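As structure tokens, the structure follows; a few thoughts come after it.
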Amino acid sequence: MKGVLLECFGGVDCLRFYDNLKEPKLKEGEVLVEIKSIGLNRVDIWVRKGVLSYKPKLPLLVCSDASGVVIDADSSVRHLVGKKVVVLPGVSCGSCQSCKEGNDHLCSDYKLLGFKQSGVSAQVISLPYRNIVEIPDSMDFKEASCIALAGITAYSALFLKGGLKLGQSVLIWAGASGVGSFAIQLAKLSGANVVASAGSDEKLELCKSLGANEVFNHYKQDPAEILSKFGGFDLVIDSVGGQTLQKSLSYVKPGGKVVFFGTTLGSSIELNIREVFSKNVSLMGLYMGPSWVVFELIKLYLEGKLKPVIGEVLSLREIARAHELLEEFKVAGKVVLDVGSW
Ligand SMILES: [Zn+2]
């Protein structure tokens, strides 16, 4: 079968396309999924570069997000064969207290596909049957492949951590990113006042079209005017990291919340902690979120209230180019790999 393996840590040359990989064998409690589409995430770049604290064993099938069709299943779940599915990006034990409470992302054995566990970058993959969610026929494979990781992160940041309520104000940094484009739509649905930043006119237009009330260019504009209009933000969603986090702390209202989860601009910074405690700010880290959120996202999608923003579609063979596009911040929305076109 065709597929892509990460063979070293470094540049995009470390991603190698093969057309003679061995198909996986079905194991107990697992399903085989024929992959139709893959959604890229920024974490894919960190894994490729080997800059995360955990170094996966190589070679590795990469990427965490995918959609496809179940082509074989363990006898206990045979009814799943033929179903159209979205792959859940994290594998957990399924039996610990966190898993039982619906917080699988807090499981001590939680493993992200394409990082701590074999990923989705092949024509056929095997994974635990608990890691797929059936989707309706009307759902497009490409859209389905970008909903899980970014959608779960956006929903968790806004509501599960951020507790965003009707009428509150939220600042979403990098609103045209994968997570940002979901966050704007979800925040708007909740009745919040949404301010988003982006780095180009095209991206700012996208943020507006998704429902942002106000936008500003984070390279060129000082959001002081917007800030004074809202008197600070109840919630700031920071997927950028680096020195942006200090700005997030300046822009949040006393008693407000800053939820952060990205390191696009770096993971080590000098932080004025006085700004955190003197304003009674809750500074909260986020890594993924519970898998049940996907059901909520699919429901909103079917109601026509949530639409994944796809900026670029390439073939699996072009994965190196896809990584470059993400790294160059050239694409508004998600980068998708079509696993049917070569
Ligand atoms: Zn568990």
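By order of appearance in the structure tokens: chains A, B, ..., then residues from 1 within every chain, and ligands from 1 in the order shown.
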
* Asked: Using only C-alpha atoms and all ligand atoms, which protein or nucleic acid residues are at most 9 Å from ligand 1, as an MDAnalysis selection string?
  -> chainID A and resid 91:100 103:110

* Asked: Leaving out Gln246 in chain A and any residue of its chain fewer than 3 positions from it, which residues lie within 8 Å of it when counting only C-alpha atoms, given as a ChimeraX atom specification?
  -> /A:243,249-250,271-272

Take the residues from that selection and write them out as a PDB file, in the first residue's frame, keeping N, CA and C atoms.
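What ended up in part.pdb:
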```
ATOM      1  N   GLN A 243       6.225  35.479  23.046  1.00  0.00           N
ATOM      2  CA  GLN A 243       5.935  36.761  23.705  1.00  0.00           C
ATOM      3  C   GLN A 243       4.460  37.166  23.591  1.00  0.00           C
ATOM      4  N   LEU A 249      -1.824  38.379  28.532  1.00  0.00           N
ATOM      5  CA  LEU A 249      -2.026  38.724  29.943  1.00  0.00           C
ATOM      6  C   LEU A 249      -2.333  40.215  30.115  1.00  0.00           C
ATOM      7  N   SER A 250      -1.779  41.036  29.219  1.00  0.00           N
ATOM      8  CA  SER A 250      -2.063  42.474  29.300  1.00  0.00           C
ATOM      9  C   SER A 250      -3.490  42.777  28.846  1.00  0.00           C
ATOM     10  N   LEU A 271       8.267  35.845  31.676  1.00  0.00           N
ATOM     11  CA  LEU A 271       6.882  36.235  31.932  1.00  0.00           C
ATOM     12  C   LEU A 271       6.801  37.092  33.188  1.00  0.00           C
ATOM     13  N   ASN A 272       6.081  38.200  33.093  1.00  0.00           N
ATOM     14  CA  ASN A 272       5.874  39.029  34.270  1.00  0.00           C
ATOM     15  C   ASN A 272       4.704  38.440  35.068  1.00  0.00           C
TER      16      ASN A 272
END
```

* Can you pull out every residue within 9 Å of Ser156 in chain A, counting only C-alpha atoms, but drop anything in the same chain fewer than 2 positions away, and send it as a count of residues only? => 14

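Near Lys305 in chain A, within a cut-off of 10 Å and counting only C-alpha atoms, sit the residues Gln185, Leu186, Leu189, Leu297, Ile298, Lys299 and Leu300 of chain A, with same-chain residues fewer than 5 positions away left out.
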
* Mind checking which residues fall within 10 Å of range 144-147 of chain A, counting only C-alpha atoms, ignoring those fewer than 3 positions away in the same chain, and posting them as number ranges by chain? => A: 35-41, 64-68, 84-88, 135, 139-141, 150-153, 178-179, 182, 294, 297-298, 301, 306-310, 333-338

* To do: Do a neighbour search on Ile45 in chain A at 9 Å with only C-alpha atoms, toss out local chain neighbours closer than 5 positions, and write the hits as an MDAnalysis selection string.
  => chainID A and resid 12 50 323 326:327

Could you write those residues out with C-alpha atoms, as a short mmCIF file (atom, residue, chain, number, x, y, z; two decimals), in the first residue's frame?
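Okay, this is what ended up in selection.cif:
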```
data_model
loop_
_atom_site.label_atom_id
_atom_site.label_comp_id
_atom_site.auth_asym_id
_atom_site.auth_seq_id
_atom_site.Cartn_x
_atom_site.Cartn_y
_atom_site.Cartn_z
CA VAL A 12 10.77 17.84 5.05
CA GLY A 50 11.97 16.16 16.80
CA HIS A 323 4.48 20.88 5.67
CA LEU A 326 2.07 25.26 7.08
CA GLU A 327 5.49 26.42 8.21
#
```

* Asked: Taking the backbone alone, and naming residues the way the document does, which bits of range 40-69 of chain A are strand (DSSP E) by DSSP, as a ChimeraX atom specification?
  -> /A:60-61,65-69

* Asked: Quick one: distance from CA of Leu210 in chain A to CA of Ser177 in chain A in Å, one decimal?
  ->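 These atoms are spaced 12.0 Å apart.
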
* To do: Determine the nearest neighbour of Lys22 in chain A from the options A:Leu112, A:Ala122, A:Val62, A:Leu227, counting only C-alpha atoms.
  =>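 Smallest distance to Lys22 in chain A is found for A:Ala122.
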
* Pairwise distance for CA of Leu314 in chain A and CA of Glu34 in chain A, rounded to one decimal in Å -> 17.9 Å
